[in-house]
file run_31.pdb (PDB, C-alpha atoms, pLDDT in the B column)
ATOM      1  CA  MET A 276     103.200  80.932 298.759  1.00 44.00           C
ATOM      2  CA  ASN A 277     106.492  81.840 300.410  1.00 45.00           C
ATOM      3  CA  LYS A 278     108.863  79.354 298.823  1.00 56.00           C
ATOM      4  CA  TYR A 279     109.212  78.965 295.110  1.00 55.00           C
ATOM      5  CA  ARG A 280     111.144  76.201 293.428  1.00 56.00           C
ATOM      6  CA  PRO A 281     109.729  75.195 290.052  1.00 51.00           C
ATOM      7  CA  HIS A 282     110.850  72.076 288.271  1.00 50.00           C
ATOM      8  CA  ARG A 283     114.257  72.753 286.767  1.00 56.00           C
ATOM      9  CA  SER A 284     113.222  71.635 283.294  1.00 70.00           C
ATOM     10  CA  SER A 285     109.850  73.348 283.096  1.00 87.00           C
ATOM     11  CA  VAL A 286     108.124  76.671 283.509  1.00 94.00           C
ATOM     12  CA  THR A 287     105.771  77.087 286.462  1.00 95.00           C
ATOM     13  CA  GLN A 288     102.553  79.034 285.953  1.00 97.00           C
ATOM     14  CA  VAL A 289     101.780  81.650 288.588  1.00 97.00           C
ATOM     15  CA  SER A 290      98.625  83.751 288.825  1.00 97.00           C
ATOM     16  CA  PRO A 291      98.848  87.494 289.382  1.00 98.00           C
ATOM     17  CA  LEU A 292      97.501  87.150 292.925  1.00 97.00           C
ATOM     18  CA  ALA A 293      99.916  84.321 293.752  1.00 97.00           C
ATOM     19  CA  TYR A 294     102.799  86.421 292.395  1.00 97.00           C
ATOM     20  CA  THR A 295     101.973  89.241 294.812  1.00 96.00           C
ATOM     21  CA  LYS A 296     102.399  86.797 297.711  1.00 95.00           C
ATOM     22  CA  LEU A 297     105.850  85.505 296.719  1.00 94.00           C
ATOM     23  CA  THR A 298     108.475  86.523 299.280  1.00 91.00           C
ATOM     24  CA  PRO A 299     110.983  87.728 298.507  1.00 92.00           C
ATOM     25  CA  PRO A 300     109.544  88.813 295.172  1.00 92.00           C
ATOM     26  CA  PRO A 301     111.403  87.276 292.234  1.00 95.00           C
ATOM     27  CA  LEU A 302     112.709  89.330 289.332  1.00 96.00           C
ATOM     28  CA  LEU A 303     109.765  90.352 287.140  1.00 97.00           C
ATOM     29  CA  LEU A 304     110.795  90.448 283.485  1.00 97.00           C
ATOM     30  CA  ASP A 305     108.390  92.248 281.129  1.00 97.00           C
ATOM     31  CA  VAL A 306     109.083  90.894 277.641  1.00 97.00           C
ATOM     32  CA  ARG A 307     106.864  93.311 275.722  1.00 97.00           C
ATOM     33  CA  SER A 308     108.220  96.104 273.533  1.00 94.00           C
ATOM     34  CA  ALA A 309     109.646  99.257 275.131  1.00 91.00           C
ATOM     35  CA  GLY A 310     106.587 101.197 273.962  1.00 92.00           C
ATOM     36  CA  GLU A 311     104.148  98.768 275.580  1.00 95.00           C
ATOM     37  CA  TYR A 312     106.209  98.817 278.775  1.00 95.00           C
ATOM     38  CA  ARG A 313     106.370 102.617 278.854  1.00 93.00           C
ATOM     39  CA  ALA A 314     102.574 102.870 278.385  1.00 95.00           C
ATOM     40  CA  GLU A 315     101.813 100.569 281.332  1.00 96.00           C
ATOM     41  CA  HIS A 316     103.631  97.968 283.387  1.00 96.00           C
ATOM     42  CA  ILE A 317     103.678  96.261 286.757  1.00 96.00           C
ATOM     43  CA  PRO A 318     105.636  98.147 289.437  1.00 94.00           C
ATOM     44  CA  ASN A 319     109.183  96.761 289.764  1.00 92.00           C
ATOM     45  CA  ALA A 320     109.011  95.021 286.367  1.00 95.00           C
ATOM     46  CA  ILE A 321     112.135  95.297 284.236  1.00 94.00           C
ATOM     47  CA  ASN A 322     111.747  95.477 280.470  1.00 94.00           C
ATOM     48  CA  LEU A 323     113.697  93.132 278.197  1.00 94.00           C
ATOM     49  CA  SER A 324     111.781  92.365 275.012  1.00 94.00           C
ATOM     50  CA  LEU A 325     111.215  88.873 273.678  1.00 96.00           C
ATOM     51  CA  LEU A 326     113.026  89.887 270.500  1.00 93.00           C
ATOM     52  CA  ARG A 327     116.177  90.793 272.481  1.00 92.00           C
ATOM     53  CA  LEU A 328     116.003  87.512 274.399  1.00 93.00           C
ATOM     54  CA  LEU A 329     115.716  85.512 271.188  1.00 92.00           C
ATOM     55  CA  ILE A 330     118.459  87.404 269.351  1.00 89.00           C
ATOM     56  CA  GLY A 331     120.575  87.215 272.494  1.00 87.00           C
ATOM     57  CA  GLN A 332     120.849  83.442 272.110  1.00 83.00           C
ATOM     58  CA  LEU A 333     123.352  84.036 269.310  1.00 82.00           C
ATOM     59  CA  PRO A 334     126.728  83.904 271.103  1.00 78.00           C
ATOM     60  CA  ILE A 335     128.526  86.172 268.678  1.00 81.00           C
ATOM     61  CA  ILE A 336     126.213  89.146 269.332  1.00 81.00           C
ATOM     62  CA  ASN A 337     124.660  88.475 272.749  1.00 76.00           C
ATOM     63  CA  ARG A 338     126.984  90.889 274.574  1.00 77.00           C
ATOM     64  CA  TRP A 339     125.623  93.747 272.434  1.00 82.00           C
ATOM     65  CA  VAL A 340     121.984  92.668 272.565  1.00 85.00           C
ATOM     66  CA  LEU A 341     121.574  91.628 276.193  1.00 88.00           C
ATOM     67  CA  PRO A 342     122.117  94.280 278.885  1.00 89.00           C
ATOM     68  CA  ASP A 343     124.920  93.861 281.428  1.00 88.00           C
ATOM     69  CA  TRP A 344     122.500  93.446 284.353  1.00 87.00           C
ATOM     70  CA  PHE A 345     120.890  90.486 282.556  1.00 91.00           C
ATOM     71  CA  GLN A 346     124.196  88.852 281.641  1.00 89.00           C
ATOM     72  CA  ALA A 347     125.267  89.125 285.304  1.00 91.00           C
ATOM     73  CA  LEU A 348     122.207  87.278 286.675  1.00 93.00           C
ATOM     74  CA  SER A 349     122.737  84.031 288.535  1.00 95.00           C
ATOM     75  CA  LYS A 350     121.217  81.049 286.722  1.00 95.00           C
ATOM     76  CA  ASP A 351     119.402  80.312 290.021  1.00 95.00           C
ATOM     77  CA  GLN A 352     117.731  83.752 290.032  1.00 94.00           C
ATOM     78  CA  PRO A 353     113.948  83.249 290.231  1.00 96.00           C
ATOM     79  CA  ILE A 354     112.380  85.026 287.251  1.00 97.00           C
ATOM     80  CA  VAL A 355     108.708  85.670 286.515  1.00 98.00           C
ATOM     81  CA  VAL A 356     108.016  86.489 282.868  1.00 98.00           C
ATOM     82  CA  VAL A 357     105.075  88.673 281.802  1.00 98.00           C
ATOM     83  CA  CYS A 358     103.666  89.982 278.523  1.00 97.00           C
ATOM     84  CA  LEU A 359     100.250  91.306 277.518  1.00 97.00           C
ATOM     85  CA  THR A 360      98.223  88.079 277.231  1.00 96.00           C
ATOM     86  CA  SER A 361     100.623  85.200 278.036  1.00 93.00           C
ATOM     87  CA  HIS A 362     101.338  84.647 274.360  1.00 95.00           C
ATOM     88  CA  ARG A 363     104.954  85.918 274.242  1.00 96.00           C
ATOM     89  CA  SER A 364     105.941  85.139 277.826  1.00 97.00           C
ATOM     90  CA  PRO A 365     105.961  81.323 277.377  1.00 96.00           C
ATOM     91  CA  LEU A 366     108.361  81.776 274.453  1.00 96.00           C
ATOM     92  CA  ALA A 367     110.595  83.967 276.620  1.00 97.00           C
ATOM     93  CA  ALA A 368     110.375  81.495 279.505  1.00 97.00           C
ATOM     94  CA  ALA A 369     111.436  78.644 277.218  1.00 95.00           C
ATOM     95  CA  GLN A 370     114.379  80.737 276.015  1.00 94.00           C
ATOM     96  CA  LEU A 371     115.421  81.405 279.623  1.00 96.00           C
ATOM     97  CA  LEU A 372     115.359  77.663 280.331  1.00 95.00           C
ATOM     98  CA  ARG A 373     117.530  77.039 277.251  1.00 92.00           C
ATOM     99  CA  ALA A 374     119.921  79.701 278.545  1.00 91.00           C
ATOM    100  CA  GLY A 375     120.320  77.690 281.771  1.00 93.00           C
ATOM    101  CA  PHE A 376     118.036  79.536 284.199  1.00 95.00           C
ATOM    102  CA  THR A 377     116.460  77.125 286.662  1.00 95.00           C
ATOM    103  CA  GLN A 378     113.600  78.990 288.377  1.00 95.00           C
ATOM    104  CA  ILE A 379     111.290  80.319 285.679  1.00 97.00           C
ATOM    105  CA  PHE A 380     107.650  81.302 286.121  1.00 97.00           C
ATOM    106  CA  ASN A 381     105.063  82.551 283.626  1.00 98.00           C
ATOM    107  CA  LEU A 382     102.535  85.117 284.873  1.00 98.00           C
ATOM    108  CA  SER A 383      99.255  83.527 283.757  1.00 97.00           C
ATOM    109  CA  GLY A 384      97.064  85.832 281.717  1.00 97.00           C
ATOM    110  CA  GLY A 385      99.731  88.527 281.485  1.00 98.00           C
ATOM    111  CA  MET A 386      98.999  92.211 281.914  1.00 98.00           C
ATOM    112  CA  GLN A 387      95.357  91.718 280.934  1.00 98.00           C
ATOM    113  CA  ARG A 388      94.761  89.316 283.821  1.00 98.00           C
ATOM    114  CA  TRP A 389      96.802  91.573 286.163  1.00 98.00           C
ATOM    115  CA  ARG A 390      94.439  94.470 285.392  1.00 97.00           C
ATOM    116  CA  GLN A 391      91.351  92.238 285.711  1.00 97.00           C
ATOM    117  CA  CYS A 392      92.516  91.393 289.239  1.00 97.00           C
ATOM    118  CA  GLY A 393      92.551  95.121 290.030  1.00 97.00           C
ATOM    119  CA  LEU A 394      96.288  95.174 290.703  1.00 97.00           C
ATOM    120  CA  ASN A 395      98.360  98.345 290.403  1.00 95.00           C
ATOM    121  CA  THR A 396     100.142  99.385 287.210  1.00 96.00           C
ATOM    122  CA  ILE A 397     102.358 102.362 286.424  1.00 95.00           C
ATOM    123  CA  SER A 398     103.555 104.086 283.258  1.00 93.00           C
ATOM    124  CA  GLY A 399     106.847 105.525 282.080  1.00 88.00           C
ATOM    125  CA  TYR A 400     110.293 104.329 282.987  1.00 72.00           C
ATOM    126  CA  PRO A 401     111.497 103.789 286.563  1.00 64.00           C
ATOM    127  CA  SER A 402     112.947 106.886 288.207  1.00 56.00           C
ATOM    128  CA  GLY A 403     116.586 107.328 287.240  1.00 53.00           C
ATOM    129  CA  PHE A 404     116.318 105.117 284.149  1.00 56.00           C
ATOM    130  CA  THR A 405     116.189 105.823 280.427  1.00 55.00           C
ATOM    131  CA  VAL A 406     116.566 103.949 277.151  1.00 54.00           C
ATOM    132  CA  THR A 407     120.247 103.822 276.171  1.00 53.00           C
ATOM    133  CA  THR A 408     121.560 104.320 272.647  1.00 47.00           C
ATOM    134  CA  GLN A 409     121.692 100.521 272.312  1.00 47.00           C
ATOM    135  CA  GLY A 410     117.971 100.358 273.129  1.00 50.00           C
ATOM    136  CA  HIS A 411     118.423  98.924 276.629  1.00 49.00           C
ATOM    137  CA  LEU A 412     116.696 100.236 279.712  1.00 52.00           C
ATOM    138  CA  GLY A 413     119.519 101.527 281.887  1.00 53.00           C
ATOM    139  CA  PRO A 414     120.482 104.150 284.451  1.00 51.00           C
ATOM    140  CA  LYS A 415     120.434 107.761 283.328  1.00 47.00           C
ATOM    141  CA  PRO A 416     123.966 109.068 282.804  1.00 48.00           C
ATOM    142  CA  ASN A 417     125.214 111.674 285.264  1.00 51.00           C
ATOM    143  CA  THR A 418     125.278 115.065 283.575  1.00 46.00           C
TER     144      THR A 418
END
call {"tool": "encode", "arguments": {"input": "run_31.pdb", "output": "structure tokens"}}
result
Amino acid sequence: MNKYRPHRSSVTQVSPLAYTKLTPPPLLLDVRSAGEYRAEHIPNAINLSLLRLLIGQLPIINRWVLPDWFQALSKDQPIVVVCLTSHRSPLAAAQLLRAGFTQIFNLSGGMQRWRQCGLNTISGYPSGFTVTTQGHLGPKPNT
């Protein structure tokens, strides 16, 4: 599966194995809590919790709730959403569609299915990143 263009008004389901074959790989958005993400996540996944996505729909506070990197994304950016069991990720995917994103995928079965497929996971935060005072995952400040 080299090309990915889901229907603009719906979320496309993608299995863990199919995700690994997508080229170039789309943005992988892990919508679990920071603690769940830190304990174990898919390599290259970026953490933005479902709660932040939902609160971020409120225009008056979204600039404080949603990180700059997320606000700067193109609405055509392909995004795959993952959670633990595919319970939260469909809610996040629907929110992304409401926010105007056009290429949204849900990782079927979530992290549980990913592990069942024997695919690699890592723990901690990506090198050079930390949780900011606002609770966002961001680059470590230069000290």
call {"tool": "resolve_selection", "arguments": {"input": "run_31.pdb", "expression": "the PyMOL selection byres ((chain A and resi 387-393) around 7)", "output": "PyMOL selection string"}}
result
chain A and resi 291+359-360+384-386+394-395
call {"tool": "residues_around", "arguments": {"input": "run_31.pdb", "residues": "region 307-314 of chain A", "least_positions_apart": "6", "cutoff": "9 Å", "atoms": "all atoms listed in the file", "output": "PyMOL selection string"}}
result
chain A and resi 320-326+357-359+363-364+397-400+406+410-412
call {"tool": "atom_distance", "arguments": {"input": "run_31.pdb", "atom1": "CA of Leu303 (chain A)", "atom2": "CA of Gln288 (chain A)"}}
result
13.5 Å
call {"tool": "residues_around", "arguments": {"input": "run_31.pdb", "residues": "Pro353 (chain A)", "least_positions_apart": "2", "cutoff": "12 Å", "atoms": "all atoms listed in the file", "output": "count of residues only"}}
result
33
call {"tool": "atom_distance", "arguments": {"input": "run_31.pdb", "atom1": "CA of Leu366 (chain A)", "atom2": "CA of Leu341 (chain A)"}}
result
16.6 Å
call {"tool": "closest_residue", "arguments": {"input": "run_31.pdb", "among": "A:Leu292, A:Ser361, A:Gln346, A:Thr396", "to": "Gly331 (chain A)", "atoms": "all atoms listed in the file"}}
result
A:Gln346
call {"tool": "atom_distance", "arguments": {"input": "run_31.pdb", "atom1": "CA of Gln352 (chain A)", "atom2": "CA of Ile336 (chain A)"}}
result
23.0 Å
call {"tool": "axis_aligned_box", "arguments": {"input": "run_31.pdb", "around": "region 359-374 of chain A", "padding_each_side": "5 Å", "output": "JSON"}}
result
{"center_x": 109.1, "center_y": 84.2, "center_z": 277.3, "size_x": 31.7, "size_y": 24.3, "size_z": 16.1}
call {"tool": "build_atoms", "arguments": {"input": "run_31.pdb", "residues": "region 358-369 of chain A", "atoms": "all heavy atoms", "output": "PDB file, in the frame of the given file"}}
result
ATOM      1  N   CYS A 358     103.917  89.243 279.756  1.00 97.00           N
ATOM      2  CA  CYS A 358     103.666  89.982 278.523  1.00 97.00           C
ATOM      3  C   CYS A 358     102.228  90.495 278.597  1.00 97.00           C
ATOM      4  O   CYS A 358     101.676  90.619 279.682  1.00 97.00           O
ATOM      5  CB  CYS A 358     103.924  89.118 277.283  1.00 97.00           C
ATOM      6  SG  CYS A 358     102.783  87.736 277.081  1.00 97.00           S
ATOM      7  N   LEU A 359     101.605  90.768 277.484  1.00 97.00           N
ATOM      8  CA  LEU A 359     100.250  91.306 277.518  1.00 97.00           C
ATOM      9  C   LEU A 359      99.208  90.233 277.820  1.00 97.00           C
ATOM     10  O   LEU A 359      98.355  90.419 278.688  1.00 97.00           O
ATOM     11  CB  LEU A 359      99.915  92.001 276.191  1.00 97.00           C
ATOM     12  CG  LEU A 359      98.526  92.622 276.108  1.00 97.00           C
ATOM     13  CD1 LEU A 359      98.355  93.726 277.145  1.00 97.00           C
ATOM     14  CD2 LEU A 359      98.265  93.162 274.709  1.00 97.00           C
ATOM     15  N   THR A 360      99.282  89.090 277.121  1.00 96.00           N
ATOM     16  CA  THR A 360      98.223  88.079 277.231  1.00 96.00           C
ATOM     17  C   THR A 360      98.733  86.669 277.525  1.00 96.00           C
ATOM     18  O   THR A 360      97.968  85.711 277.423  1.00 96.00           O
ATOM     19  CB  THR A 360      97.427  88.007 275.915  1.00 96.00           C
ATOM     20  OG1 THR A 360      98.314  87.605 274.873  1.00 96.00           O
ATOM     21  CG2 THR A 360      96.760  89.324 275.590  1.00 96.00           C
ATOM     22  N   SER A 361      99.982  86.515 277.861  1.00 93.00           N
ATOM     23  CA  SER A 361     100.623  85.200 278.036  1.00 93.00           C
ATOM     24  C   SER A 361     100.810  84.479 276.714  1.00 93.00           C
ATOM     25  O   SER A 361     100.815  83.256 276.648  1.00 93.00           O
ATOM     26  CB  SER A 361      99.853  84.302 279.011  1.00 93.00           C
ATOM     27  OG  SER A 361     100.142  84.650 280.332  1.00 93.00           O
ATOM     28  N   HIS A 362     101.011  85.248 275.651  1.00 95.00           N
ATOM     29  CA  HIS A 362     101.338  84.647 274.360  1.00 95.00           C
ATOM     30  C   HIS A 362     102.855  84.669 274.135  1.00 95.00           C
ATOM     31  O   HIS A 362     103.442  83.670 273.735  1.00 95.00           O
ATOM     32  CB  HIS A 362     100.624  85.398 273.233  1.00 95.00           C
ATOM     33  CG  HIS A 362     100.833  84.796 271.894  1.00 95.00           C
ATOM     34  ND1 HIS A 362     100.218  83.639 271.496  1.00 95.00           N
ATOM     35  CD2 HIS A 362     101.625  85.174 270.854  1.00 95.00           C
ATOM     36  CE1 HIS A 362     100.613  83.329 270.267  1.00 95.00           C
ATOM     37  NE2 HIS A 362     101.460  84.244 269.856  1.00 95.00           N
ATOM     38  N   ARG A 363     103.500  85.792 274.417  1.00 96.00           N
ATOM     39  CA  ARG A 363     104.954  85.918 274.242  1.00 96.00           C
ATOM     40  C   ARG A 363     105.733  85.384 275.435  1.00 96.00           C
ATOM     41  O   ARG A 363     106.836  84.867 275.283  1.00 96.00           O
ATOM     42  CB  ARG A 363     105.338  87.392 274.013  1.00 96.00           C
ATOM     43  CG  ARG A 363     104.923  87.935 272.679  1.00 96.00           C
ATOM     44  CD  ARG A 363     105.154  89.414 272.586  1.00 96.00           C
ATOM     45  NE  ARG A 363     104.051  90.118 273.240  1.00 96.00           N
ATOM     46  CZ  ARG A 363     103.884  91.420 273.261  1.00 96.00           C
ATOM     47  NH1 ARG A 363     104.781  92.204 272.688  1.00 96.00           N
ATOM     48  NH2 ARG A 363     102.843  91.967 273.842  1.00 96.00           N
ATOM     49  N   SER A 364     105.173  85.517 276.628  1.00 97.00           N
ATOM     50  CA  SER A 364     105.941  85.139 277.826  1.00 97.00           C
ATOM     51  C   SER A 364     106.319  83.659 277.867  1.00 97.00           C
ATOM     52  O   SER A 364     107.426  83.342 278.308  1.00 97.00           O
ATOM     53  CB  SER A 364     105.215  85.567 279.101  1.00 97.00           C
ATOM     54  OG  SER A 364     103.906  85.053 279.160  1.00 97.00           O
ATOM     55  N   PRO A 365     105.493  82.716 277.401  1.00 96.00           N
ATOM     56  CA  PRO A 365     105.961  81.323 277.377  1.00 96.00           C
ATOM     57  C   PRO A 365     107.161  81.121 276.455  1.00 96.00           C
ATOM     58  O   PRO A 365     108.032  80.298 276.739  1.00 96.00           O
ATOM     59  CB  PRO A 365     104.743  80.536 276.886  1.00 96.00           C
ATOM     60  CG  PRO A 365     103.576  81.386 277.236  1.00 96.00           C
ATOM     61  CD  PRO A 365     104.064  82.801 277.062  1.00 96.00           C
ATOM     62  N   LEU A 366     107.203  81.863 275.349  1.00 96.00           N
ATOM     63  CA  LEU A 366     108.361  81.776 274.453  1.00 96.00           C
ATOM     64  C   LEU A 366     109.613  82.295 275.154  1.00 96.00           C
ATOM     65  O   LEU A 366     110.695  81.697 275.055  1.00 96.00           O
ATOM     66  CB  LEU A 366     108.108  82.571 273.174  1.00 96.00           C
ATOM     67  CG  LEU A 366     106.914  82.128 272.319  1.00 96.00           C
ATOM     68  CD1 LEU A 366     106.671  83.116 271.196  1.00 96.00           C
ATOM     69  CD2 LEU A 366     107.137  80.731 271.788  1.00 96.00           C
ATOM     70  N   ALA A 367     109.469  83.409 275.875  1.00 97.00           N
ATOM     71  CA  ALA A 367     110.595  83.967 276.620  1.00 97.00           C
ATOM     72  C   ALA A 367     111.031  83.015 277.732  1.00 97.00           C
ATOM     73  O   ALA A 367     112.226  82.812 277.959  1.00 97.00           O
ATOM     74  CB  ALA A 367     110.221  85.326 277.202  1.00 97.00           C
ATOM     75  N   ALA A 368     110.057  82.432 278.421  1.00 97.00           N
ATOM     76  CA  ALA A 368     110.375  81.495 279.505  1.00 97.00           C
ATOM     77  C   ALA A 368     111.148  80.292 278.970  1.00 97.00           C
ATOM     78  O   ALA A 368     112.131  79.854 279.580  1.00 97.00           O
ATOM     79  CB  ALA A 368     109.087  81.050 280.205  1.00 97.00           C
ATOM     80  N   ALA A 369     110.725  79.773 277.828  1.00 95.00           N
ATOM     81  CA  ALA A 369     111.436  78.644 277.218  1.00 95.00           C
ATOM     82  C   ALA A 369     112.864  79.044 276.851  1.00 95.00           C
ATOM     83  O   ALA A 369     113.803  78.258 277.039  1.00 95.00           O
ATOM     84  CB  ALA A 369     110.679  78.147 275.982  1.00 95.00           C
TER      85      ALA A 369
END
